[in-house]
file data_10.txt (compact mmCIF, C-alpha atoms)
# COMPACT_ATOMS: atom_id res chain seq x y z
CA MET F 1340 -119.88 85.10 -51.20
CA PRO F 1341 -119.75 82.83 -48.12
CA ALA F 1342 -116.50 82.96 -46.14
CA ASP F 1343 -113.91 80.18 -46.29
CA LEU F 1344 -113.76 78.12 -43.11
CA LEU F 1345 -111.16 75.65 -44.28
CA LYS F 1346 -108.78 75.74 -47.19
CA LEU F 1347 -106.33 73.07 -48.25
CA GLU F 1348 -104.05 73.87 -51.16
CA SER F 1349 -102.09 71.05 -52.80
CA VAL F 1350 -101.57 69.30 -49.50
CA ASP F 1351 -99.44 66.17 -49.26
CA LEU F 1352 -99.96 63.81 -46.36
CA ASP F 1353 -97.45 61.25 -45.10
CA ARG F 1354 -97.93 58.64 -42.46
CA GLY F 1355 -94.55 57.44 -41.25
CA VAL F 1356 -92.45 56.95 -44.37
CA ARG F 1357 -95.44 56.22 -46.60
CA ARG F 1358 -97.11 58.94 -48.65
CA LEU F 1359 -100.87 58.59 -48.32
CA LEU F 1360 -102.18 61.52 -50.31
CA SER F 1361 -100.72 64.05 -52.67
CA GLY F 1362 -102.09 67.26 -54.07
CA VAL F 1363 -105.32 67.47 -52.06
CA SER F 1364 -107.03 70.82 -52.62
CA PHE F 1365 -110.45 71.76 -51.40
CA VAL F 1366 -112.24 74.66 -49.84
CA VAL F 1367 -115.02 74.49 -47.27
CA ARG F 1368 -117.24 77.55 -47.21
CA GLU F 1369 -120.06 78.52 -44.89
CA GLY F 1370 -123.07 76.33 -45.62
CA ASP F 1371 -121.02 73.50 -47.16
CA CYS F 1372 -121.47 69.87 -46.27
CA TRP F 1373 -118.67 67.59 -47.46
CA GLN F 1374 -118.60 63.84 -47.36
CA MET F 1375 -115.12 62.38 -47.51
CA LEU F 1376 -115.00 59.07 -49.34
CA GLY F 1377 -112.23 56.60 -49.88
CA SER F 1378 -111.42 52.95 -49.44
CA ASN F 1379 -110.05 51.64 -46.14
CA GLY F 1380 -106.54 52.92 -45.56
CA SER F 1381 -106.89 55.72 -48.08
CA GLY F 1382 -106.15 58.33 -45.40
CA LYS F 1383 -109.55 59.63 -44.36
CA THR F 1384 -108.83 59.63 -40.64
CA SER F 1385 -105.28 60.86 -41.12
CA LEU F 1386 -106.48 63.77 -43.25
CA MET F 1387 -109.23 64.55 -40.75
CA ARG F 1388 -106.74 64.64 -37.86
CA ALA F 1389 -104.41 66.81 -39.93
CA ILE F 1390 -107.24 69.21 -40.75
CA ALA F 1391 -108.20 69.42 -37.08
CA GLY F 1392 -104.58 70.18 -36.21
CA LEU F 1393 -103.94 67.07 -34.13
CA THR F 1394 -101.12 65.88 -36.34
CA ARG F 1395 -98.64 68.18 -38.00
CA LEU F 1396 -95.69 65.98 -38.85
CA GLY F 1397 -96.87 64.41 -42.10
CA LEU F 1398 -98.61 67.46 -43.52
CA GLN F 1399 -97.02 69.52 -46.28
CA GLY F 1400 -98.73 72.34 -48.05
CA ASP F 1401 -101.08 75.13 -47.02
CA ARG F 1402 -103.79 74.52 -44.47
CA VAL F 1403 -105.93 77.44 -43.39
CA CYS F 1404 -108.61 76.58 -40.88
CA THR F 1405 -110.97 78.57 -38.71
CA GLU F 1406 -110.48 78.52 -34.93
CA SER F 1407 -114.07 77.59 -34.34
CA VAL F 1408 -113.89 73.81 -34.84
CA ILE F 1409 -115.34 70.78 -33.14
CA TYR F 1410 -113.69 67.44 -33.88
CA GLN F 1411 -115.34 64.13 -33.12
CA GLY F 1412 -113.07 61.23 -33.95
CA HIS F 1413 -113.22 57.49 -33.42
CA LEU F 1414 -112.72 57.97 -29.68
CA PRO F 1415 -115.69 59.47 -27.87
CA GLY F 1416 -113.74 61.72 -25.49
CA LEU F 1417 -115.93 60.74 -22.56
CA LYS F 1418 -114.87 59.83 -19.03
CA SER F 1419 -116.37 56.43 -18.30
CA LEU F 1420 -116.81 57.03 -14.56
CA LEU F 1421 -118.66 60.33 -14.95
CA SER F 1422 -122.32 60.71 -15.87
CA CYS F 1423 -123.60 61.91 -19.25
CA ARG F 1424 -124.42 65.29 -17.78
CA GLU F 1425 -121.01 65.72 -16.15
CA ASN F 1426 -119.27 64.73 -19.36
CA LEU F 1427 -121.17 67.18 -21.52
CA ARG F 1428 -120.27 70.15 -19.37
CA TRP F 1429 -117.15 70.60 -21.46
CA HIS F 1430 -115.78 69.79 -24.89
CA GLY F 1431 -112.68 70.69 -26.83
CA SER F 1432 -113.88 73.67 -28.79
CA GLY F 1433 -116.11 75.21 -26.18
CA ARG F 1434 -116.29 76.57 -22.71
CA VAL F 1435 -117.38 74.95 -19.49
CA THR F 1436 -121.11 75.21 -19.01
CA ASP F 1437 -123.29 74.98 -15.91
CA ASP F 1438 -126.47 75.09 -17.97
CA PHE F 1439 -127.78 71.61 -17.15
CA GLN F 1440 -131.09 72.36 -18.79
CA LYS F 1441 -129.35 72.84 -22.12
CA ILE F 1442 -127.40 69.61 -21.62
CA ASP F 1443 -130.57 67.69 -20.81
CA VAL F 1444 -132.23 69.04 -23.94
CA ALA F 1445 -129.24 67.93 -26.03
CA LEU F 1446 -129.39 64.48 -24.43
CA ALA F 1447 -133.10 64.26 -25.17
CA ARG F 1448 -132.41 65.19 -28.81
CA VAL F 1449 -130.06 62.22 -29.19
CA GLY F 1450 -132.64 59.96 -27.58
CA LEU F 1451 -131.05 59.64 -24.15
CA GLN F 1452 -133.73 61.16 -21.99
CA GLY F 1453 -133.61 59.56 -18.57
CA TYR F 1454 -129.91 58.75 -18.83
CA GLU F 1455 -128.67 62.14 -17.58
CA GLU F 1456 -127.25 60.75 -14.33
CA THR F 1457 -126.09 57.43 -15.77
CA GLU F 1458 -122.37 56.78 -15.86
CA ILE F 1459 -120.91 56.37 -19.34
CA CYS F 1460 -119.53 52.90 -18.57
CA GLN F 1461 -123.08 51.61 -18.12
CA LEU F 1462 -124.17 52.63 -21.63
CA SER F 1463 -123.92 50.57 -24.80
CA ALA F 1464 -121.44 51.44 -27.55
CA GLY F 1465 -124.13 53.10 -29.63
CA GLN F 1466 -125.42 55.10 -26.68
CA GLN F 1467 -121.90 56.26 -25.90
CA ARG F 1468 -121.55 57.47 -29.49
CA ARG F 1469 -124.80 59.34 -29.05
CA VAL F 1470 -123.53 61.09 -25.92
CA GLY F 1471 -120.45 62.17 -27.87
CA LEU F 1472 -122.64 63.44 -30.71
CA ALA F 1473 -124.86 65.35 -28.26
CA ARG F 1474 -122.00 67.86 -28.23
CA LEU F 1475 -123.09 68.90 -31.71
CA TRP F 1476 -126.27 70.25 -30.16
CA LEU F 1477 -124.30 72.14 -27.51
CA SER F 1478 -121.41 73.42 -29.55
CA GLU F 1479 -121.14 76.89 -30.97
CA ALA F 1480 -118.35 75.85 -33.33
CA GLN F 1481 -118.80 76.76 -36.97
CA LEU F 1482 -116.91 73.90 -38.57
CA TRP F 1483 -117.72 70.33 -37.59
CA LEU F 1484 -115.16 67.63 -38.38
CA LEU F 1485 -116.81 64.27 -37.88
CA ASP F 1486 -114.89 61.05 -38.42
CA GLU F 1487 -117.32 58.20 -39.10
CA PRO F 1488 -120.16 59.80 -37.14
CA PHE F 1489 -122.67 57.10 -38.18
CA THR F 1490 -120.68 54.18 -36.72
CA ALA F 1491 -122.72 52.14 -34.22
CA ILE F 1492 -125.72 54.47 -34.64
CA ASP F 1493 -129.10 52.94 -35.47
CA VAL F 1494 -131.51 54.01 -38.26
CA ASP F 1495 -133.36 56.59 -36.17
CA GLY F 1496 -130.13 58.02 -34.88
CA THR F 1497 -128.73 58.30 -38.39
CA ALA F 1498 -131.78 60.24 -39.59
CA MET F 1499 -131.59 62.51 -36.55
CA LEU F 1500 -127.90 63.19 -37.08
CA GLU F 1501 -128.38 63.89 -40.78
CA ALA F 1502 -131.10 66.38 -39.95
CA GLN F 1503 -128.85 68.11 -37.42
CA ILE F 1504 -126.00 68.31 -39.93
CA GLN F 1505 -128.30 69.88 -42.49
CA ARG F 1506 -129.68 72.33 -39.96
CA HIS F 1507 -126.16 73.38 -39.07
CA CYS F 1508 -125.24 73.96 -42.71
CA GLU F 1509 -128.41 75.94 -43.37
CA ALA F 1510 -127.56 78.12 -40.37
CA GLY F 1511 -124.25 79.05 -42.01
CA GLY F 1512 -122.01 76.40 -40.48
CA ALA F 1513 -120.07 73.76 -42.34
CA VAL F 1514 -119.53 70.05 -41.88
CA VAL F 1515 -116.88 67.67 -43.15
CA PHE F 1516 -117.55 64.03 -42.37
CA THR F 1517 -116.27 60.65 -43.43
CA SER F 1518 -118.60 57.78 -44.08
CA HIS F 1519 -118.86 54.73 -46.27
CA GLN F 1520 -122.64 54.77 -46.19
CA PRO F 1521 -124.60 56.70 -48.78
CA THR F 1522 -126.63 59.40 -47.03
CA ARG F 1523 -129.92 61.03 -47.87
CA MET F 1524 -128.67 64.54 -47.42
CA ALA F 1525 -129.30 67.10 -50.12
CA ALA F 1526 -126.61 69.42 -51.53
CA LEU F 1527 -123.82 67.15 -50.43
CA LYS F 1528 -120.33 67.69 -51.84
CA MET F 1529 -118.11 64.67 -52.30
CA LEU F 1530 -114.39 64.44 -51.80
CA ASP F 1531 -113.07 61.14 -53.07
CA LEU F 1532 -109.65 60.53 -51.57
CA ASN F 1533 -108.89 57.64 -53.92
CA GLN F 1534 -108.17 60.14 -56.69
CA TYR F 1535 -105.41 61.72 -54.59
CA ALA F 1536 -103.75 58.43 -53.67
CA ALA F 1537 -100.00 58.70 -54.03
CA MET Z 822 -108.44 85.38 -25.83
CA LEU Z 823 -108.78 82.47 -23.42
CA PRO Z 824 -112.41 81.98 -22.53
CA GLU Z 825 -112.68 81.63 -18.76
CA LEU Z 826 -109.34 79.99 -18.09
CA GLY Z 827 -109.97 79.81 -14.34
CA THR Z 828 -113.34 78.09 -14.74
CA PHE Z 829 -111.85 75.68 -17.23
CA LEU Z 830 -108.94 74.69 -14.98
CA ARG Z 831 -111.18 74.37 -11.93
CA PHE Z 832 -113.53 72.18 -13.93
CA GLN Z 833 -110.69 69.94 -15.13
CA ALA Z 834 -109.44 69.53 -11.55
CA GLN Z 835 -112.93 68.74 -10.30
CA ARG Z 836 -113.36 66.18 -13.08
CA HIS Z 837 -110.11 64.38 -12.30
CA LEU Z 838 -110.75 64.26 -8.57
CA GLN Z 839 -114.35 63.16 -9.06
CA ALA Z 840 -113.38 60.34 -11.41
CA ALA Z 841 -110.53 59.26 -9.11
CA LEU Z 842 -112.69 59.22 -6.00
CA ARG Z 843 -115.18 56.94 -7.74
CA ARG Z 844 -112.38 54.39 -8.01
CA PRO Z 845 -110.79 54.54 -4.53
CA GLY Z 846 -108.82 51.36 -5.17
CA ASP Z 847 -106.47 53.34 -7.40
CA ILE Z 848 -105.60 55.58 -4.45
CA VAL Z 849 -105.36 52.90 -1.76
CA GLY Z 850 -103.55 50.35 -3.95
CA PRO Z 851 -100.20 52.19 -4.15
CA LEU Z 852 -100.27 52.80 -0.39
CA ILE Z 853 -100.70 49.07 0.24
CA PHE Z 854 -97.89 48.41 -2.24
CA PHE Z 855 -95.74 50.81 -0.19
CA LEU Z 856 -96.67 49.02 3.04
CA MET Z 857 -95.90 45.60 1.62
CA VAL Z 858 -92.50 46.58 0.24
CA VAL Z 859 -91.56 48.28 3.53
CA THR Z 860 -92.41 45.12 5.48
CA LEU Z 861 -90.10 43.12 3.22
CA PHE Z 862 -87.04 44.96 4.52
CA PRO Z 863 -87.07 43.64 8.12
CA LEU Z 864 -87.45 40.16 6.62
CA GLY Z 865 -84.47 40.66 4.34
CA LEU Z 866 -82.19 42.70 6.60
CA GLY Z 867 -83.01 41.08 9.92
CA PRO Z 868 -85.13 42.58 12.68
CA ASP Z 869 -82.36 44.53 14.52
CA PRO Z 870 -84.08 47.85 15.44
CA ALA Z 871 -80.83 49.82 15.35
CA VAL Z 872 -79.99 48.66 11.81
CA LEU Z 873 -83.52 49.37 10.59
CA ALA Z 874 -83.54 52.82 12.17
CA ALA Z 875 -80.24 53.69 10.51
CA LEU Z 876 -81.42 52.49 7.09
CA SER Z 877 -85.01 53.72 7.33
CA PRO Z 878 -84.60 57.11 5.53
CA GLY Z 879 -83.08 55.43 2.49
CA ILE Z 880 -85.56 52.55 2.51
CA LEU Z 881 -88.62 54.79 2.76
CA TRP Z 882 -87.40 57.12 0.04
CA VAL Z 883 -86.50 54.36 -2.41
CA VAL Z 884 -89.86 52.69 -1.86
CA ALA Z 885 -91.63 56.03 -2.32
CA LEU Z 886 -89.76 56.46 -5.60
CA LEU Z 887 -90.77 52.99 -6.78
CA SER Z 888 -94.42 53.47 -5.89
CA SER Z 889 -94.45 56.82 -7.68
CA LEU Z 890 -93.04 55.06 -10.77
CA VAL Z 891 -95.78 52.46 -10.55
CA VAL Z 892 -98.56 55.04 -10.49
CA SER Z 893 -97.18 57.61 -12.92
CA GLY Z 894 -97.50 55.08 -15.75
CA ARG Z 895 -101.24 55.60 -15.73
CA LEU Z 896 -101.06 59.37 -15.58
CA PHE Z 897 -102.40 60.20 -19.04
CA GLN Z 898 -103.47 56.67 -19.96
CA SER Z 899 -107.23 56.99 -19.60
CA ASP Z 900 -107.28 60.42 -21.24
CA TYR Z 901 -105.39 59.00 -24.19
CA GLU Z 902 -107.57 55.93 -24.51
CA ASP Z 903 -110.95 57.64 -24.29
CA GLY Z 904 -110.08 60.59 -26.53
CA THR Z 905 -110.16 63.29 -23.85
CA LEU Z 906 -106.55 64.09 -24.69
CA GLU Z 907 -107.50 64.89 -28.29
CA GLN Z 908 -110.17 67.27 -27.07
CA LEU Z 909 -107.74 68.89 -24.62
CA ALA Z 910 -105.17 69.32 -27.38
CA LEU Z 911 -107.74 70.98 -29.64
CA SER Z 912 -109.04 73.22 -26.89
CA PRO Z 913 -108.12 76.92 -27.08
CA HIS Z 914 -106.69 76.58 -23.56
CA PRO Z 915 -102.99 75.71 -23.35
CA LEU Z 916 -102.37 71.97 -23.13
CA ALA Z 917 -99.50 72.66 -20.71
CA LEU Z 918 -101.91 74.06 -18.13
CA SER Z 919 -104.55 71.35 -18.45
CA ALA Z 920 -101.81 68.72 -18.19
CA MET Z 921 -100.46 70.44 -15.08
CA VAL Z 922 -103.90 70.31 -13.48
CA GLU Z 923 -103.87 66.59 -14.07
CA VAL Z 924 -100.37 66.22 -12.59
CA PHE Z 925 -101.37 68.22 -9.51
CA CYS Z 926 -104.48 66.09 -8.94
CA HIS Z 927 -102.38 62.98 -9.43
CA TRP Z 928 -99.85 64.27 -6.88
CA LEU Z 929 -102.56 65.15 -4.36
CA LEU Z 930 -104.00 61.65 -4.53
CA SER Z 931 -100.75 59.67 -4.70
CA GLY Z 932 -97.83 61.70 -3.34
CA MET Z 933 -99.66 63.72 -0.73
CA SER Z 934 -101.56 60.72 0.59
CA LEU Z 935 -98.28 58.82 0.82
CA ALA Z 936 -96.65 61.70 2.71
CA LEU Z 937 -99.58 61.85 5.12
CA VAL Z 938 -99.45 58.17 6.06
CA SER Z 939 -95.66 57.84 5.93
CA PRO Z 940 -95.19 58.14 9.75
CA VAL Z 941 -96.96 54.80 10.10
CA PHE Z 942 -94.47 53.14 7.78
CA ALA Z 943 -91.59 54.98 9.45
CA GLY Z 944 -92.76 53.56 12.79
CA LEU Z 945 -92.53 50.06 11.35
CA LEU Z 946 -88.85 50.70 10.64
CA ASN Z 947 -88.17 52.22 14.08
CA MET Z 948 -87.36 55.66 12.73
CA PRO Z 949 -86.75 58.26 15.48
CA THR Z 950 -89.90 60.31 16.13
CA GLN Z 951 -88.19 63.67 15.72
CA ALA Z 952 -87.53 62.85 12.02
CA MET Z 953 -91.20 62.21 11.19
CA PRO Z 954 -92.27 65.81 10.37
CA VAL Z 955 -89.24 66.14 8.12
CA LEU Z 956 -90.04 62.81 6.48
CA MET Z 957 -93.55 64.02 5.74
CA SER Z 958 -92.52 67.39 4.36
CA SER Z 959 -89.64 65.94 2.33
CA LEU Z 960 -91.98 63.35 0.84
CA ALA Z 961 -94.62 65.97 0.07
CA LEU Z 962 -92.10 68.12 -1.83
CA GLY Z 963 -90.23 65.15 -3.26
CA THR Z 964 -93.26 63.34 -4.62
CA LEU Z 965 -94.27 66.54 -6.42
CA CYS Z 966 -90.89 66.43 -8.19
CA LEU Z 967 -91.35 62.72 -8.86
CA SER Z 968 -94.85 63.30 -10.26
CA LEU Z 969 -93.53 65.99 -12.60
CA ILE Z 970 -90.68 63.78 -13.81
CA GLY Z 971 -93.05 60.84 -14.15
CA ALA Z 972 -95.48 63.01 -16.11
CA VAL Z 973 -92.79 64.01 -18.62
CA ALA Z 974 -91.92 60.35 -19.14
CA ALA Z 975 -95.58 59.32 -19.22
CA SER Z 976 -96.40 61.96 -21.84
CA LEU Z 977 -93.84 60.36 -24.14
CA THR Z 978 -94.80 56.75 -23.49
CA VAL Z 979 -98.59 57.05 -23.30
CA ALA Z 980 -99.08 56.01 -26.92
CA LEU Z 981 -97.02 52.85 -26.47
CA ARG Z 982 -98.99 49.80 -25.46
CA ARG Z 983 -96.45 48.59 -22.91
CA GLY Z 984 -94.48 51.65 -22.02
CA GLY Z 985 -93.90 50.73 -18.36
CA VAL Z 986 -90.26 49.69 -18.61
CA LEU Z 987 -89.38 52.57 -20.92
CA LEU Z 988 -91.05 54.96 -18.51
CA SER Z 989 -88.84 53.69 -15.67
CA LEU Z 990 -85.72 53.93 -17.81
CA LEU Z 991 -86.57 57.52 -18.74
CA SER Z 992 -87.46 58.72 -15.28
CA ILE Z 993 -85.11 56.93 -12.84
CA PRO Z 994 -81.94 58.86 -13.88
CA LEU Z 995 -83.82 62.13 -13.44
CA THR Z 996 -85.03 61.20 -9.97
CA VAL Z 997 -81.52 60.81 -8.50
CA PRO Z 998 -81.21 64.40 -7.14
CA VAL Z 999 -84.65 64.13 -5.53
CA LEU Z 1000 -83.62 60.91 -3.80
CA ILE Z 1001 -80.31 62.39 -2.60
CA PHE Z 1002 -81.86 65.55 -1.15
CA GLY Z 1003 -84.82 63.69 0.34
CA THR Z 1004 -82.82 61.01 2.16
CA ALA Z 1005 -80.27 63.58 3.31
CA ALA Z 1006 -82.99 65.71 4.88
CA VAL Z 1007 -84.49 62.78 6.78
CA ARG Z 1008 -81.10 61.42 7.87
CA GLU Z 1009 -79.99 64.81 9.22
CA ALA Z 1010 -83.24 65.16 11.13
CA ALA Z 1011 -82.92 61.63 12.55
CA LEU Z 1012 -79.43 62.49 13.83
CA GLY Z 1013 -80.73 65.70 15.40
CA TYR Z 1014 -79.25 68.19 12.90
CA ASP Z 1015 -81.01 70.94 10.99
CA PRO Z 1016 -82.46 69.61 7.69
CA THR Z 1017 -83.65 73.00 6.38
CA SER Z 1018 -81.07 73.34 3.62
CA TRP Z 1019 -81.97 69.94 2.14
CA LEU Z 1020 -85.67 70.73 2.28
CA ALA Z 1021 -84.95 74.06 0.61
CA LEU Z 1022 -83.13 72.24 -2.19
CA LEU Z 1023 -86.11 69.92 -2.63
CA GLY Z 1024 -88.42 72.94 -2.69
CA ALA Z 1025 -86.24 74.56 -5.33
CA LEU Z 1026 -86.42 71.40 -7.45
CA ALA Z 1027 -90.21 71.33 -7.08
CA ALA Z 1028 -90.57 75.02 -7.95
CA GLY Z 1029 -88.28 74.71 -10.97
CA GLY Z 1030 -90.12 71.59 -12.07
CA CYS Z 1031 -93.49 73.31 -11.87
CA VAL Z 1032 -92.22 76.02 -14.21
CA LEU Z 1033 -90.38 73.90 -16.76
CA ALA Z 1034 -92.13 70.52 -16.78
CA PRO Z 1035 -95.47 71.75 -18.24
CA PHE Z 1036 -93.81 72.69 -21.52
CA ALA Z 1037 -92.07 69.32 -21.76
CA ILE Z 1038 -95.28 67.48 -20.86
CA ALA Z 1039 -97.35 69.37 -23.45
CA ALA Z 1040 -94.73 68.74 -26.14
CA GLY Z 1041 -94.59 65.07 -25.20
CA LEU Z 1042 -98.35 64.70 -25.36
CA ARG Z 1043 -98.50 66.35 -28.78
CA ILE Z 1044 -95.84 63.92 -30.03
CA SER Z 1045 -97.87 61.03 -28.62
CA LEU Z 1046 -100.98 62.26 -30.43
CA GLU Z 1047 -99.11 62.17 -33.75
CA ALA Z 1048 -98.95 58.39 -33.57

call {"tool": "encode", "arguments": {"input": "data_10.txt", "output": "structure tokens"}}
result
Amino acid sequence: MPADLLKLESVDLDRGVRRLLSGVSFVVREGDCWQMLGSNGSGKTSLMRAIAGLTRLGLQGDRVCTESVIYQGHLPGLKSLLSCRENLRWHGSGRVTDDFQKIDVALARVGLQGYEETEICQLSAGQQRRVGLARLWLSEAQLWLLDEPFTAIDVDGTAMLEAQIQRHCEAGGAVVFTSHQPTRMAALKMLDLNQYAA
Amino acid sequence: MLPELGTFLRFQAQRHLQAALRRPGDIVGPLIFFLMVVTLFPLGLGPDPAVLAALSPGILWVVALLSSLVVSGRLFQSDYEDGTLEQLALSPHPLALSAMVEVFCHWLLSGMSLALVSPVFAGLLNMPTQAMPVLMSSLALGTLCLSLIGAVAASLTVALRRGGVLLSLLSIPLTVPVLIFGTAAVREAALGYDPTSWLALLGALAAGGCVLAPFAIAAGLRISLEA
């Protein structure tokens, strides 16, 4: 039986005075890949931030989550005046690395070979997203929380990211992501937030 | 439990300094602001050297306070806007410490640089030379206090689009003791007395601030991230 990485039990989520979701229950086990669906404003991002532990005020109910998490939200978390390589030396869930070779490999995987020394502010929006996503190749975190990871990413990039997500799940990790696009991933579990709308 | 806390903090400091040095205008700008405001006083008060010398400790300290208010508004701004703050908050390392690293770097680049060039401005106001070392040390200690106070206010206002006025309203009342001790130290030194006790009080404020402010800053930043 694979271990639970994340467990929500009848969770209610408020934003301000408005109740967004009520009675959300789901369990993410090792090897799971969950796609979170829901119309605009249904609370996908709010729930994602609550799962990650960024917001605590509106959350009622039981949330059990592993420590080993990487969260990639709408904001890239990159310093615009530093180069790709300098930026990727650190991310929230991990330690500081001096292994530039590993960073360069990750950058090459996301199609940014040759941009290692380029400052983030000189990259396009899609390229900046790719730098942020390169962390997924560097991270040792077990649970990936990805909020709209396919935004601004082209067709090749989408396929590459899907493959990486699947690889991670096959290796015993787990992924929860939000997206409006249908994906080609196999063994995908769906969480439709519209059914929990309060 | 904390993976390589020292490496992490050193890396954060290096990152802040590196990014700041690539935009030197942000460091020089507040110093020019300071210079311009100081030159307004002889125009407003009249050019009598004796009057300017007598008022110079107060003038320099008030202007230092204003310029620290101007810069502390941006303290966590870029981290909030580009999502670095989210990553710092989710990191296993305490947010209080990573925020303190940022405040220290900010103080080095704004407060310390102001303290280092302050004798030039003091010369413009005809301040007695024997007060200059005390002016520099009081500003070095005082701007650390001001940075800490500014950081607490900035942590609470960073999520607001135009938090500048609110930031001033939150921090000015708290800066009053710093201003009193700072000007007193410089005035005593200018009159030829011993300013040590005032400097010691400033040092005590700075030391106390370094211990207590990180918790307030971390709490403020977490509240801002809730928005």

call {"tool": "closest_residue", "arguments": {"input": "data_10.txt", "among": "F:Leu1360, F:Cys1423, F:Leu1477, F:Cys1508", "to": "F:Asp1438", "atoms": "all atoms listed in the file"}}
result
F:Leu1477

call {"tool": "closest_atom_pairs", "arguments": {"input": "data_10.txt", "of": "chain F", "to": "chain Z", "cutoff": "7 Å", "atoms": "all atoms listed in the file", "output": "tab-separated table"}}
result
residue	atom	partner	partner_atom	distance
F:Leu1393	CA	Z:Leu1046	CA	6.8
F:Thr1394	CA	Z:Glu1047	CA	5.0
F:Leu1414	CA	Z:Gly904	CA	4.9
F:Pro1415	CA	Z:Gly904	CA	5.9
F:Gly1416	CA	Z:Gly904	CA	4.0
F:Leu1417	CA	Z:Asp903	CA	6.1
F:Lys1418	CA	Z:Asp903	CA	6.9
F:Leu1420	CA	Z:Ala840	CA	5.7
F:Leu1421	CA	Z:Ala840	CA	6.4
F:His1430	CA	Z:Gln908	CA	6.5
F:Gly1431	CA	Z:Gln908	CA	4.2
F:Ser1432	CA	Z:Ser912	CA	5.2
F:Arg1434	CA	Z:Pro824	CA	6.7
F:Val1435	CA	Z:Phe829	CA	6.0

call {"tool": "residues_around", "arguments": {"input": "data_10.txt", "residues": "stretch 1023-1025 of chain Z", "least_positions_apart": "5", "cutoff": "8 Å", "atoms": "all atoms listed in the file", "output": "list of chain:residue names"}}
result
Z:Ser959, Z:Leu962, Z:Gly963, Z:Val999, Z:Phe1002, Z:Gly1003

call {"tool": "residues_near_point", "arguments": {"input": "data_10.txt", "point": "(-95.1, 73.3, -21.4)", "cutoff": "12 Å", "atoms": "all atoms listed in the file", "output": "list in words"}}
result
Pro915, Leu916, Ala917, Leu918, Ser919, Ala920, Met921, Leu969, Ala972, Val973, Ser976, Gly1030, Cys1031, Val1032, Leu1033, Ala1034, Pro1035, Phe1036, Ala1037, Ile1038, Ala1039, Ala1040, Gly1041, Leu1042 and Arg1043 of chain Z

call {"tool": "closest_residue", "arguments": {"input": "data_10.txt", "among": "Z:Gly932, Z:Pro949, Z:Pro878, Z:Gly867", "to": "Z:Leu1000", "atoms": "only C-alpha atoms"}}
result
Z:Pro878

call {"tool": "atom_distance", "arguments": {"input": "data_10.txt", "atom1": "atom CA of Z:Ser958", "atom2": "atom CA of Z:Val922"}}
result
21.4 Å

call {"tool": "residues_around", "arguments": {"input": "data_10.txt", "residues": "stretch 884-886 of chain Z", "least_positions_apart": "5", "cutoff": "12 Å", "atoms": "only C-alpha atoms", "output": "VMD selection string"}}
result
chain Z and resid 851 to 862 877 to 879 891 to 893 931 to 936 938 to 939 942 to 943 956 to 957 959 to 961 963 to 968 970 to 971 989 992 to 1001 1003 to 1004

call {"tool": "build_atoms", "arguments": {"input": "data_10.txt", "residues": "stretch 1524-1535 of chain F", "atoms": "N, CA and C atoms", "output": "mmCIF file, keeping the file's coordinate frame"}}
result
data_model
loop_
_atom_site.group_PDB
_atom_site.id
_atom_site.type_symbol
_atom_site.label_atom_id
_atom_site.label_comp_id
_atom_site.auth_asym_id
_atom_site.auth_seq_id
_atom_site.Cartn_x
_atom_site.Cartn_y
_atom_site.Cartn_z
ATOM 1 N N MET F 1524 -128.713 63.088 -47.556
ATOM 2 C CA MET F 1524 -128.670 64.540 -47.420
ATOM 3 C C MET F 1524 -128.619 65.222 -48.785
ATOM 4 N N ALA F 1525 -129.296 66.342 -48.868
ATOM 5 C CA ALA F 1525 -129.300 67.100 -50.120
ATOM 6 C C ALA F 1525 -128.061 68.010 -50.148
ATOM 7 N N ALA F 1526 -127.690 68.439 -51.342
ATOM 8 C CA ALA F 1526 -126.610 69.420 -51.530
ATOM 9 C C ALA F 1526 -125.324 68.971 -50.864
ATOM 10 N N LEU F 1527 -125.025 67.692 -51.047
ATOM 11 C CA LEU F 1527 -123.820 67.150 -50.430
ATOM 12 C C LEU F 1527 -122.666 67.228 -51.420
ATOM 13 N N LYS F 1528 -121.497 67.673 -50.960
ATOM 14 C CA LYS F 1528 -120.330 67.690 -51.840
ATOM 15 C C LYS F 1528 -119.451 66.501 -51.496
ATOM 16 N N MET F 1529 -118.898 65.894 -52.506
ATOM 17 C CA MET F 1529 -118.110 64.670 -52.300
ATOM 18 C C MET F 1529 -116.634 64.947 -52.511
ATOM 19 N N LEU F 1530 -115.835 64.383 -51.622
ATOM 20 C CA LEU F 1530 -114.390 64.440 -51.800
ATOM 21 C C LEU F 1530 -113.895 63.008 -51.794
ATOM 22 N N ASP F 1531 -113.527 62.515 -52.971
ATOM 23 C CA ASP F 1531 -113.070 61.140 -53.070
ATOM 24 C C ASP F 1531 -111.556 61.100 -52.928
ATOM 25 N N LEU F 1532 -111.088 60.509 -51.820
ATOM 26 C CA LEU F 1532 -109.650 60.530 -51.570
ATOM 27 C C LEU F 1532 -108.890 59.565 -52.472
ATOM 28 N N ASN F 1533 -109.599 58.604 -53.066
ATOM 29 C CA ASN F 1533 -108.890 57.640 -53.920
ATOM 30 C C ASN F 1533 -108.203 58.333 -55.098
ATOM 31 N N GLN F 1534 -108.778 59.456 -55.548
ATOM 32 C CA GLN F 1534 -108.170 60.140 -56.690
ATOM 33 C C GLN F 1534 -106.889 60.880 -56.319
ATOM 34 N N TYR F 1535 -106.646 61.048 -55.005
ATOM 35 C CA TYR F 1535 -105.410 61.720 -54.590
ATOM 36 C C TYR F 1535 -104.368 60.728 -54.096
#
